[in-house]
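J.: Sending over model25.pdb (PDB, C-alpha atoms).
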```pdb
ATOM      1  CA  MET J   1      -2.855 -43.235   0.935  1.00  0.00           C
ATOM      2  CA  LYS J   2      -2.585 -39.501   1.601  1.00  0.00           C
ATOM      3  CA  GLN J   3      -2.310 -37.805   4.983  1.00  0.00           C
ATOM      4  CA  GLU J   4      -4.788 -34.985   5.617  1.00  0.00           C
ATOM      5  CA  TRP J   5      -3.371 -31.604   6.656  1.00  0.00           C
ATOM      6  CA  LYS J   6      -5.088 -28.375   7.654  1.00  0.00           C
ATOM      7  CA  PRO J   7      -5.998 -26.110   4.715  1.00  0.00           C
ATOM      8  CA  GLY J   8      -2.962 -24.282   3.412  1.00  0.00           C
ATOM      9  CA  THR J   9      -1.207 -22.971   0.345  1.00  0.00           C
ATOM     10  CA  MET J  10       0.905 -25.889  -0.834  1.00  0.00           C
ATOM     11  CA  ILE J  11       1.078 -24.986  -4.518  1.00  0.00           C
ATOM     12  CA  TYR J  12       4.793 -25.406  -5.213  1.00  0.00           C
ATOM     13  CA  PRO J  13       7.277 -24.698  -6.678  1.00  0.00           C
ATOM     14  CA  LEU J  14       6.987 -20.940  -6.929  1.00  0.00           C
ATOM     15  CA  PRO J  15       9.413 -18.434  -8.388  1.00  0.00           C
ATOM     16  CA  ALA J  16      11.476 -16.650  -5.739  1.00  0.00           C
ATOM     17  CA  VAL J  17      11.559 -13.103  -7.111  1.00  0.00           C
ATOM     18  CA  LEU J  18      12.977  -9.818  -5.936  1.00  0.00           C
ATOM     19  CA  VAL J  19      10.477  -6.979  -6.134  1.00  0.00           C
ATOM     20  CA  SER J  20      12.033  -3.544  -6.380  1.00  0.00           C
ATOM     21  CA  CYS J  21      10.039  -0.473  -5.411  1.00  0.00           C
ATOM     22  CA  GLY J  22      10.460   3.216  -4.652  1.00  0.00           C
ATOM     23  CA  THR J  23      12.648   5.578  -6.663  1.00  0.00           C
ATOM     24  CA  MET J  24      16.240   5.434  -7.852  1.00  0.00           C
ATOM     25  CA  GLU J  25      17.143   7.787  -4.986  1.00  0.00           C
ATOM     26  CA  ARG J  26      15.283   5.781  -2.322  1.00  0.00           C
ATOM     27  CA  SER J  27      14.296   2.223  -3.147  1.00  0.00           C
ATOM     28  CA  ASN J  28      13.921  -1.155  -1.522  1.00  0.00           C
ATOM     29  CA  LEU J  29      13.992  -4.827  -2.422  1.00  0.00           C
ATOM     30  CA  LEU J  30      11.461  -7.386  -1.190  1.00  0.00           C
ATOM     31  CA  THR J  31      11.640 -11.139  -1.707  1.00  0.00           C
ATOM     32  CA  VAL J  32       8.275 -12.517  -2.853  1.00  0.00           C
ATOM     33  CA  ALA J  33       7.130 -16.025  -3.720  1.00  0.00           C
ATOM     34  CA  TRP J  34       3.406 -15.213  -3.901  1.00  0.00           C
ATOM     35  CA  THR J  35       3.488 -13.968  -7.485  1.00  0.00           C
ATOM     36  CA  GLY J  36       2.184 -15.038 -10.840  1.00  0.00           C
ATOM     37  CA  THR J  37       0.494 -14.387 -14.145  1.00  0.00           C
ATOM     38  CA  ILE J  38      -3.147 -13.281 -14.235  1.00  0.00           C
ATOM     39  CA  CYS J  39      -3.817 -12.441 -17.874  1.00  0.00           C
ATOM     40  CA  THR J  40      -2.005 -12.297 -21.222  1.00  0.00           C
ATOM     41  CA  ASP J  41      -4.080  -9.634 -22.993  1.00  0.00           C
ATOM     42  CA  PRO J  42      -3.630  -7.194 -21.419  1.00  0.00           C
ATOM     43  CA  ALA J  43      -0.473  -8.574 -19.796  1.00  0.00           C
ATOM     44  CA  MET J  44      -1.127  -8.622 -16.046  1.00  0.00           C
ATOM     45  CA  CYS J  45       0.469 -10.198 -13.003  1.00  0.00           C
ATOM     46  CA  TYR J  46       0.319  -9.928  -9.239  1.00  0.00           C
ATOM     47  CA  ILE J  47       2.335  -9.950  -6.052  1.00  0.00           C
ATOM     48  CA  SER J  48       0.912 -10.566  -2.588  1.00  0.00           C
ATOM     49  CA  VAL J  49       2.504  -8.679   0.305  1.00  0.00           C
ATOM     50  CA  ARG J  50       1.807  -8.528   4.038  1.00  0.00           C
ATOM     51  CA  PRO J  51       0.697  -4.975   5.020  1.00  0.00           C
ATOM     52  CA  GLU J  52       3.300  -4.843   7.817  1.00  0.00           C
ATOM     53  CA  ARG J  53       6.195  -5.239   5.364  1.00  0.00           C
ATOM     54  CA  TYR J  54       8.269  -2.088   4.802  1.00  0.00           C
ATOM     55  CA  SER J  55       7.811  -2.250   1.015  1.00  0.00           C
ATOM     56  CA  TYR J  56       4.006  -2.465   1.288  1.00  0.00           C
ATOM     57  CA  ASP J  57       3.536   1.281   1.888  1.00  0.00           C
ATOM     58  CA  ILE J  58       6.141   2.157  -0.746  1.00  0.00           C
ATOM     59  CA  ILE J  59       4.297   0.112  -3.390  1.00  0.00           C
ATOM     60  CA  LYS J  60       0.898   1.394  -2.259  1.00  0.00           C
ATOM     61  CA  SER J  61       1.965   5.048  -2.426  1.00  0.00           C
ATOM     62  CA  ARG J  62       3.789   4.829  -5.792  1.00  0.00           C
ATOM     63  CA  MET J  63       1.459   2.199  -7.342  1.00  0.00           C
ATOM     64  CA  GLU J  64       4.332   0.571  -9.256  1.00  0.00           C
ATOM     65  CA  PHE J  65       6.985  -2.081  -8.786  1.00  0.00           C
ATOM     66  CA  THR J  66       9.355  -4.283 -10.767  1.00  0.00           C
ATOM     67  CA  ILE J  67       9.428  -8.077 -10.542  1.00  0.00           C
ATOM     68  CA  ASN J  68      12.994  -9.328 -11.012  1.00  0.00           C
ATOM     69  CA  LEU J  69      13.478 -13.056 -11.617  1.00  0.00           C
ATOM     70  CA  THR J  70      16.329 -14.558  -9.604  1.00  0.00           C
ATOM     71  CA  THR J  71      18.949 -17.225 -10.247  1.00  0.00           C
ATOM     72  CA  ALA J  72      20.878 -19.768  -8.204  1.00  0.00           C
ATOM     73  CA  ALA J  73      23.790 -17.304  -8.214  1.00  0.00           C
ATOM     74  CA  MET J  74      21.459 -14.758  -6.562  1.00  0.00           C
ATOM     75  CA  ALA J  75      20.087 -17.205  -3.950  1.00  0.00           C
ATOM     76  CA  ARG J  76      21.919 -15.797  -0.925  1.00  0.00           C
ATOM     77  CA  ALA J  77      20.987 -12.193  -1.785  1.00  0.00           C
ATOM     78  CA  THR J  78      17.385 -13.239  -2.484  1.00  0.00           C
ATOM     79  CA  ASP J  79      17.049 -14.963   0.884  1.00  0.00           C
ATOM     80  CA  TRP J  80      18.793 -12.099   2.705  1.00  0.00           C
ATOM     81  CA  CYS J  81      16.421  -9.522   1.188  1.00  0.00           C
ATOM     82  CA  GLY J  82      13.497 -11.634   2.418  1.00  0.00           C
ATOM     83  CA  VAL J  83      14.581 -11.901   6.052  1.00  0.00           C
ATOM     84  CA  ARG J  84      15.912  -8.367   6.623  1.00  0.00           C
ATOM     85  CA  SER J  85      13.832  -5.190   6.611  1.00  0.00           C
ATOM     86  CA  GLY J  86      14.473  -2.132   4.493  1.00  0.00           C
ATOM     87  CA  ARG J  87      13.599  -0.140   7.636  1.00  0.00           C
ATOM     88  CA  ASP J  88      16.946  -1.270   9.072  1.00  0.00           C
ATOM     89  CA  TYR J  89      19.208  -1.935   6.067  1.00  0.00           C
ATOM     90  CA  ASP J  90      20.121  -0.631   2.648  1.00  0.00           C
ATOM     91  CA  LYS J  91      19.355  -3.913   0.914  1.00  0.00           C
ATOM     92  CA  TRP J  92      21.169  -2.927  -2.288  1.00  0.00           C
ATOM     93  CA  ALA J  93      24.423  -2.307  -0.446  1.00  0.00           C
ATOM     94  CA  GLU J  94      24.084  -5.277   1.918  1.00  0.00           C
ATOM     95  CA  SER J  95      23.112  -7.807  -0.784  1.00  0.00           C
ATOM     96  CA  GLY J  96      25.654  -6.644  -3.348  1.00  0.00           C
ATOM     97  CA  LEU J  97      22.949  -6.255  -5.991  1.00  0.00           C
ATOM     98  CA  THR J  98      22.985  -3.388  -8.463  1.00  0.00           C
ATOM     99  CA  PRO J  99      20.075  -0.984  -9.067  1.00  0.00           C
ATOM    100  CA  ALA J 100      19.567  -0.165 -12.754  1.00  0.00           C
ATOM    101  CA  PRO J 101      17.190   2.626 -13.834  1.00  0.00           C
ATOM    102  CA  GLY J 102      13.635   1.624 -14.645  1.00  0.00           C
ATOM    103  CA  VAL J 103      12.426   2.328 -18.156  1.00  0.00           C
ATOM    104  CA  LYS J 104       8.661   2.800 -17.745  1.00  0.00           C
ATOM    105  CA  VAL J 105       8.535   3.054 -13.942  1.00  0.00           C
ATOM    106  CA  GLY J 106      10.477   5.128 -11.413  1.00  0.00           C
ATOM    107  CA  CYS J 107      11.752   2.178  -9.407  1.00  0.00           C
ATOM    108  CA  PRO J 108      14.985   0.402 -10.327  1.00  0.00           C
ATOM    109  CA  GLN J 109      15.469  -2.991 -11.906  1.00  0.00           C
ATOM    110  CA  VAL J 110      17.967  -5.490 -10.454  1.00  0.00           C
ATOM    111  CA  ALA J 111      20.856  -5.469 -12.945  1.00  0.00           C
ATOM    112  CA  GLU J 112      21.809  -9.086 -12.112  1.00  0.00           C
ATOM    113  CA  SER J 113      18.296 -10.393 -12.860  1.00  0.00           C
ATOM    114  CA  PRO J 114      17.881 -12.303 -16.134  1.00  0.00           C
ATOM    115  CA  LEU J 115      14.400 -10.810 -16.590  1.00  0.00           C
ATOM    116  CA  SER J 116      12.763  -7.711 -15.109  1.00  0.00           C
ATOM    117  CA  ILE J 117       9.046  -6.984 -15.415  1.00  0.00           C
ATOM    118  CA  GLU J 118       7.947  -3.388 -14.810  1.00  0.00           C
ATOM    119  CA  CYS J 119       4.407  -3.092 -13.459  1.00  0.00           C
ATOM    120  CA  ARG J 120       1.774  -0.478 -12.627  1.00  0.00           C
ATOM    121  CA  VAL J 121      -0.737  -1.380  -9.907  1.00  0.00           C
ATOM    122  CA  LYS J 122      -4.356  -1.416 -11.118  1.00  0.00           C
ATOM    123  CA  GLU J 123      -6.054  -2.751  -7.990  1.00  0.00           C
ATOM    124  CA  ILE J 124      -5.275  -3.835  -4.434  1.00  0.00           C
ATOM    125  CA  LEU J 125      -7.297  -6.720  -3.014  1.00  0.00           C
ATOM    126  CA  HIS J 126      -7.371  -7.050   0.776  1.00  0.00           C
ATOM    127  CA  LEU J 127      -7.441 -10.809   1.307  1.00  0.00           C
ATOM    128  CA  GLY J 128      -6.383 -11.550   4.903  1.00  0.00           C
ATOM    129  CA  SER J 129      -2.725 -12.039   5.858  1.00  0.00           C
ATOM    130  CA  HIS J 130      -1.637 -10.591   2.471  1.00  0.00           C
ATOM    131  CA  ASP J 131      -2.913  -7.945   0.091  1.00  0.00           C
ATOM    132  CA  MET J 132      -2.730  -8.712  -3.610  1.00  0.00           C
ATOM    133  CA  PHE J 133      -1.346  -6.012  -5.883  1.00  0.00           C
ATOM    134  CA  ILE J 134      -2.867  -6.655  -9.316  1.00  0.00           C
ATOM    135  CA  ALA J 135      -0.744  -4.949 -11.932  1.00  0.00           C
ATOM    136  CA  GLU J 136      -0.485  -4.254 -15.629  1.00  0.00           C
ATOM    137  CA  VAL J 137       2.845  -5.173 -17.209  1.00  0.00           C
ATOM    138  CA  LEU J 138       4.352  -2.049 -18.775  1.00  0.00           C
ATOM    139  CA  GLY J 139       7.625  -3.538 -19.984  1.00  0.00           C
ATOM    140  CA  VAL J 140       9.722  -6.725 -19.931  1.00  0.00           C
ATOM    141  CA  TYR J 141      13.524  -6.497 -20.052  1.00  0.00           C
ATOM    142  CA  ALA J 142      15.636  -9.561 -20.874  1.00  0.00           C
ATOM    143  CA  ASP J 143      19.355 -10.106 -20.318  1.00  0.00           C
ATOM    144  CA  GLU J 144      20.915 -10.022 -23.785  1.00  0.00           C
ATOM    145  CA  SER J 145      23.491 -12.655 -22.800  1.00  0.00           C
ATOM    146  CA  LEU J 146      20.639 -15.199 -22.774  1.00  0.00           C
ATOM    147  CA  MET J 147      19.610 -14.442 -26.355  1.00  0.00           C
ATOM    148  CA  ASP J 148      20.539 -17.085 -28.940  1.00  0.00           C
ATOM    149  CA  ALA J 149      22.559 -15.274 -31.610  1.00  0.00           C
ATOM    150  CA  THR J 150      21.401 -17.670 -34.337  1.00  0.00           C
ATOM    151  CA  THR J 151      17.677 -18.031 -33.653  1.00  0.00           C
ATOM    152  CA  GLY J 152      16.996 -14.904 -31.569  1.00  0.00           C
ATOM    153  CA  ALA J 153      15.275 -17.119 -28.968  1.00  0.00           C
ATOM    154  CA  PHE J 154      15.455 -16.135 -25.309  1.00  0.00           C
ATOM    155  CA  ARG J 155      17.093 -18.998 -23.359  1.00  0.00           C
ATOM    156  CA  LEU J 156      15.619 -18.237 -19.926  1.00  0.00           C
ATOM    157  CA  GLY J 157      16.017 -21.917 -18.993  1.00  0.00           C
ATOM    158  CA  ASP J 158      19.790 -21.411 -19.138  1.00  0.00           C
ATOM    159  CA  ALA J 159      19.655 -18.762 -16.397  1.00  0.00           C
ATOM    160  CA  GLY J 160      19.443 -21.260 -13.509  1.00  0.00           C
ATOM    161  CA  LEU J 161      16.244 -19.742 -12.150  1.00  0.00           C
ATOM    162  CA  LEU J 162      15.601 -19.911  -8.423  1.00  0.00           C
ATOM    163  CA  ASN J 163      12.455 -21.613  -7.118  1.00  0.00           C
ATOM    164  CA  TYR J 164      10.906 -21.766  -3.650  1.00  0.00           C
ATOM    165  CA  THR J 165       9.264 -24.914  -2.313  1.00  0.00           C
ATOM    166  CA  HIS J 166       7.903 -25.239   1.229  1.00  0.00           C
ATOM    167  CA  GLY J 167      10.657 -23.292   2.978  1.00  0.00           C
ATOM    168  CA  GLN J 168      13.530 -24.307   0.667  1.00  0.00           C
ATOM    169  CA  TYR J 169      15.196 -22.764  -2.377  1.00  0.00           C
ATOM    170  CA  TYR J 170      15.979 -24.859  -5.457  1.00  0.00           C
ATOM    171  CA  SER J 171      17.639 -24.249  -8.775  1.00  0.00           C
ATOM    172  CA  GLN J 172      15.491 -25.039 -11.795  1.00  0.00           C
ATOM    173  CA  GLY J 173      16.006 -28.570 -13.122  1.00  0.00           C
ATOM    174  CA  GLU J 174      16.608 -30.082 -16.515  1.00  0.00           C
ATOM    175  CA  PRO J 175      14.068 -29.489 -19.291  1.00  0.00           C
ATOM    176  CA  LEU J 176      11.668 -32.360 -19.949  1.00  0.00           C
ATOM    177  CA  GLY J 177      10.017 -31.166 -23.150  1.00  0.00           C
ATOM    178  CA  ARG J 178       8.602 -28.139 -24.952  1.00  0.00           C
ATOM    179  CA  PHE J 179       4.982 -27.046 -24.708  1.00  0.00           C
ATOM    180  CA  GLY J 180       2.921 -29.499 -26.792  1.00  0.00           C
ATOM    181  CA  TRP J 181       5.636 -32.173 -27.012  1.00  0.00           C
ATOM    182  CA  SER J 182       3.265 -34.816 -25.647  1.00  0.00           C
ATOM    183  CA  VAL J 183       1.010 -34.531 -28.713  1.00  0.00           C
ATOM    184  CA  ALA J 184       3.545 -33.565 -31.386  1.00  0.00           C
ATOM    185  CA  LYS J 185       3.816 -35.802 -34.428  1.00  0.00           C
ATOM    186  CA  LYS J 186       7.016 -37.776 -34.546  1.00  0.00           C
ATOM    187  CA  LYS J 187       9.494 -36.776 -37.203  1.00  0.00           C
ATOM    188  CA  LYS J 188      10.346 -39.472 -39.713  1.00  0.00           C
TER     189      LYS J 188
END
```
Show how you would write the structure in this file as structure tokens.

T.:
Amino acid sequence: MKQEWKPGTMIYPLPAVLVSCGTMERSNLLTVAWTGTICTDPAMCYISVRPERYSYDIIKSRMEFTINLTTAAMARATDWCGVRSGRDYDKWAESGLTPAPGVKVGCPQVAESPLSIECRVKEILHLGSHDMFIAEVLGVYADESLMDATTGAFRLGDAGLLNYTHGQYYSQGEPLGRFGWSVAKKKK
């Protein structure tokens, strides 16, 4: 039997990402869990941000941001950047994270992130508590240390990605199978 709760957003786990915005001279970091893929062709994604957040106006005025995936090693910095405001702190200095120049956007990437996704905002949807920034992906930048030297495959699963579930952070678990493994023919 299931217990009924009031309507809510209980779709978990979610990636806990750091969104960087602004310019190399004046930037901020924002922790976001309301993020995801929208479309593959063209490549598009979104972040949802409360209008009262410091980064909201920065993103809205520059119409670009970078989504930086986080790892278990980055958990403390990721949480800290989500509970402190860029109005009051230099989040780069306080978190110990390193800004790296963006390639196709003016805002920095997080150097410690295993994967950074540079985005240009196409549309802002006003939805209620959060506004959704729908964005086109301009570039994806992967940590070369996670590239398999033999196959050239990107081993993102080895990064120890950070997930957010109902108020808690978790490190990504063990792999269970590759896409399509449930219907793959058995090798003889």

J.: Quick one: of J:Tyr169, J:Tyr12, J:Trp34, J:Phe133, who's nearest to Asp57 in chain J, counting all atoms listed in the file?

T.: J:Phe133

J.: Rounded to one decimal place, report the CA of Gly96 in chain J-CA of Arg62 in chain J distance in Å.

T.: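 About the pair CA of Gly96 in chain J and CA of Arg62 in chain J: they are 24.8 Å apart.
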
J.: Got a sec to resolve the PyMOL selection byres ((chain J and resi 161) around 7) on this structure and send the residues as an MDAnalysis selection string?

T.: chainID J and resid 70:72 159:160 162:163 171:172

J.: Hey, can you spit out that residue selection with C-alpha atoms as a PDB file, keeping the file's coordinate frame?

T.:
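Output file selection.pdb is given in full below:
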```
ATOM      1  CA  THR J  70      16.329 -14.558  -9.604  1.00  0.00           C
ATOM      2  CA  THR J  71      18.949 -17.225 -10.247  1.00  0.00           C
ATOM      3  CA  ALA J  72      20.878 -19.768  -8.204  1.00  0.00           C
ATOM      4  CA  ALA J 159      19.655 -18.762 -16.397  1.00  0.00           C
ATOM      5  CA  GLY J 160      19.443 -21.260 -13.509  1.00  0.00           C
ATOM      6  CA  LEU J 162      15.601 -19.911  -8.423  1.00  0.00           C
ATOM      7  CA  ASN J 163      12.455 -21.613  -7.118  1.00  0.00           C
ATOM      8  CA  SER J 171      17.639 -24.249  -8.775  1.00  0.00           C
ATOM      9  CA  GLN J 172      15.491 -25.039 -11.795  1.00  0.00           C
TER      10      GLN J 172
END
```

J.: Could you give me, as a PDB file with C-alpha atoms, in the coordinates of the input, the residues that have an atom at most 8 Å away from the point (13.1, -7.4, -5.2) in the coordinates of the file, using all atoms listed in the file?

T.:
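And here is the file that came out, part_2.pdb:
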```
ATOM      1  CA  VAL J  17      11.559 -13.103  -7.111  1.00  0.00           C
ATOM      2  CA  LEU J  18      12.977  -9.818  -5.936  1.00  0.00           C
ATOM      3  CA  VAL J  19      10.477  -6.979  -6.134  1.00  0.00           C
ATOM      4  CA  SER J  20      12.033  -3.544  -6.380  1.00  0.00           C
ATOM      5  CA  CYS J  21      10.039  -0.473  -5.411  1.00  0.00           C
ATOM      6  CA  ASN J  28      13.921  -1.155  -1.522  1.00  0.00           C
ATOM      7  CA  LEU J  29      13.992  -4.827  -2.422  1.00  0.00           C
ATOM      8  CA  LEU J  30      11.461  -7.386  -1.190  1.00  0.00           C
ATOM      9  CA  THR J  31      11.640 -11.139  -1.707  1.00  0.00           C
ATOM     10  CA  VAL J  32       8.275 -12.517  -2.853  1.00  0.00           C
ATOM     11  CA  THR J  66       9.355  -4.283 -10.767  1.00  0.00           C
ATOM     12  CA  ILE J  67       9.428  -8.077 -10.542  1.00  0.00           C
ATOM     13  CA  ASN J  68      12.994  -9.328 -11.012  1.00  0.00           C
ATOM     14  CA  THR J  78      17.385 -13.239  -2.484  1.00  0.00           C
ATOM     15  CA  CYS J  81      16.421  -9.522   1.188  1.00  0.00           C
ATOM     16  CA  VAL J 110      17.967  -5.490 -10.454  1.00  0.00           C
TER      17      VAL J 110
END
```

J.: Between J:Ala93, J:Ile47, J:Ala33, J:Ala153, which is the closest to Asp131 in chain J once you count only C-alpha atoms?

T.: J:Ile47

J.: Using only C-alpha atoms, determine which residues lie at most 7 Å from range 135-146 of chain J, disregarding the query and same-chain residues fewer than 3 positions distant; provide the list as a ChimeraX atom specification.

T.: /J:43-46,104,114-123,154-156

J.: Can you tell me how far CA of Ser55 in chain J sits from CA of His166 in chain J, in Å to one decimal?

T.: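 Between CA of Ser55 in chain J and CA of His166 in chain J the gap is 23.0 Å.
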
J.: CA of Thr165 in chain J and CA of Thr37 in chain J are how many Å apart?

T.: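 Atom-to-atom, CA of Thr165 in chain J to CA of Thr37 in chain J, that is 18.1 Å.
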
J.: Box for range 156-174 of chain J: with edges along x, y and z, all listed atoms inside and 3 Å added on each side, what are the centre and edge lengths in Å to one decimal, as JSON?

T.:
```
{"center_x": 13.8, "center_y": -24.2, "center_z": -8.5, "size_x": 17.9, "size_y": 17.8, "size_z": 28.9}
```

J.: From the set J:Val49, J:Leu176, J:Met24, J:Ala149, which residue has the shortest atom-to-atom contact distance to Gly82 in chain J, counting all atoms listed in the file?

T.: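 Under the stated criterion, the closest residue is J:Val49.
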
J.: List the spatial neighbours of Arg87 in chain J as an mmCIF file with C-alpha atoms, in the frame of the given file - criterion: any atom at most 8 Å away, all atoms listed in the file, same-chain residues fewer than 2 positions off excluded.

T.:
```cif
data_model
loop_
_atom_site.group_PDB
_atom_site.id
_atom_site.type_symbol
_atom_site.label_atom_id
_atom_site.label_comp_id
_atom_site.auth_asym_id
_atom_site.auth_seq_id
_atom_site.Cartn_x
_atom_site.Cartn_y
_atom_site.Cartn_z
ATOM 1 C CA TYR J 54 8.269 -2.088 4.802
ATOM 2 C CA SER J 85 13.832 -5.190 6.611
ATOM 3 C CA TYR J 89 19.208 -1.935 6.067
#
```

J.: Using only C-alpha atoms, pick whichever of J:Lys60, J:Arg76, J:Lys2, J:Lys185 has the shortest atom-to-atom distance to Tyr170 in chain J.

T.: J:Arg76

J.: Pick the closest to Ser129 in chain J from J:Arg84, J:Arg178, J:Arg50, J:Lys188: which is it, counting all atoms listed in the file?

T.: J:Arg50

J.: Of the candidates J:Gly128, J:Pro13, J:Gly180, J:Gly152, which one gets nearest to Gly167 in chain J if we count all atoms listed in the file?

T.: J:Pro13

J.: Given the file shown, determine the residues that the PyMOL selection byres ((chain J and resi 26) around 10) selects; report them as an NGL selection string.

T.: :J and (21-25 or 27-28 or 58 or 90 or 107-108)

J.: Give me range 158-171 of chain J with N, CA and C atoms filled in, as a PDB file, keeping the file's coordinate frame.

T.:
```pdb
ATOM      1  N   ASP J 158      18.351 -21.356 -19.388  1.00  0.00           N
ATOM      2  CA  ASP J 158      19.790 -21.411 -19.138  1.00  0.00           C
ATOM      3  C   ASP J 158      20.225 -20.508 -17.982  1.00  0.00           C
ATOM      4  N   ALA J 159      19.310 -19.725 -17.442  1.00  0.00           N
ATOM      5  CA  ALA J 159      19.655 -18.762 -16.397  1.00  0.00           C
ATOM      6  C   ALA J 159      19.842 -19.404 -15.027  1.00  0.00           C
ATOM      7  N   GLY J 160      19.365 -20.638 -14.831  1.00  0.00           N
ATOM      8  CA  GLY J 160      19.443 -21.260 -13.509  1.00  0.00           C
ATOM      9  C   GLY J 160      18.491 -20.598 -12.529  1.00  0.00           C
ATOM     10  N   LEU J 161      17.249 -20.446 -12.962  1.00  0.00           N
ATOM     11  CA  LEU J 161      16.244 -19.742 -12.150  1.00  0.00           C
ATOM     12  C   LEU J 161      16.089 -20.362 -10.766  1.00  0.00           C
ATOM     13  N   LEU J 162      15.782 -19.512  -9.807  1.00  0.00           N
ATOM     14  CA  LEU J 162      15.601 -19.911  -8.423  1.00  0.00           C
ATOM     15  C   LEU J 162      14.116 -20.157  -8.160  1.00  0.00           C
ATOM     16  N   ASN J 163      13.826 -21.274  -7.502  1.00  0.00           N
ATOM     17  CA  ASN J 163      12.455 -21.613  -7.118  1.00  0.00           C
ATOM     18  C   ASN J 163      12.371 -21.771  -5.609  1.00  0.00           C
ATOM     19  N   TYR J 164      11.164 -21.622  -5.083  1.00  0.00           N
ATOM     20  CA  TYR J 164      10.906 -21.766  -3.650  1.00  0.00           C
ATOM     21  C   TYR J 164       9.878 -22.865  -3.473  1.00  0.00           C
ATOM     22  N   THR J 165      10.188 -23.821  -2.599  1.00  0.00           N
ATOM     23  CA  THR J 165       9.264 -24.914  -2.313  1.00  0.00           C
ATOM     24  C   THR J 165       9.255 -25.202  -0.823  1.00  0.00           C
ATOM     25  N   HIS J 166       8.150 -24.875  -0.164  1.00  0.00           N
ATOM     26  CA  HIS J 166       7.903 -25.239   1.229  1.00  0.00           C
ATOM     27  C   HIS J 166       9.106 -24.958   2.137  1.00  0.00           C
ATOM     28  N   GLY J 167       9.583 -23.702   2.093  1.00  0.00           N
ATOM     29  CA  GLY J 167      10.657 -23.292   2.978  1.00  0.00           C
ATOM     30  C   GLY J 167      12.064 -23.514   2.460  1.00  0.00           C
ATOM     31  N   GLN J 168      12.215 -24.018   1.245  1.00  0.00           N
ATOM     32  CA  GLN J 168      13.530 -24.307   0.667  1.00  0.00           C
ATOM     33  C   GLN J 168      13.661 -23.636  -0.697  1.00  0.00           C
ATOM     34  N   TYR J 169      14.896 -23.292  -1.047  1.00  0.00           N
ATOM     35  CA  TYR J 169      15.196 -22.764  -2.377  1.00  0.00           C
ATOM     36  C   TYR J 169      15.807 -23.872  -3.227  1.00  0.00           C
ATOM     37  N   TYR J 170      15.454 -23.873  -4.511  1.00  0.00           N
ATOM     38  CA  TYR J 170      15.979 -24.859  -5.457  1.00  0.00           C
ATOM     39  C   TYR J 170      16.327 -24.163  -6.764  1.00  0.00           C
ATOM     40  N   SER J 171      17.323 -24.706  -7.432  1.00  0.00           N
ATOM     41  CA  SER J 171      17.639 -24.249  -8.775  1.00  0.00           C
ATOM     42  C   SER J 171      16.750 -25.026  -9.735  1.00  0.00           C
TER      43      SER J 171
END
```
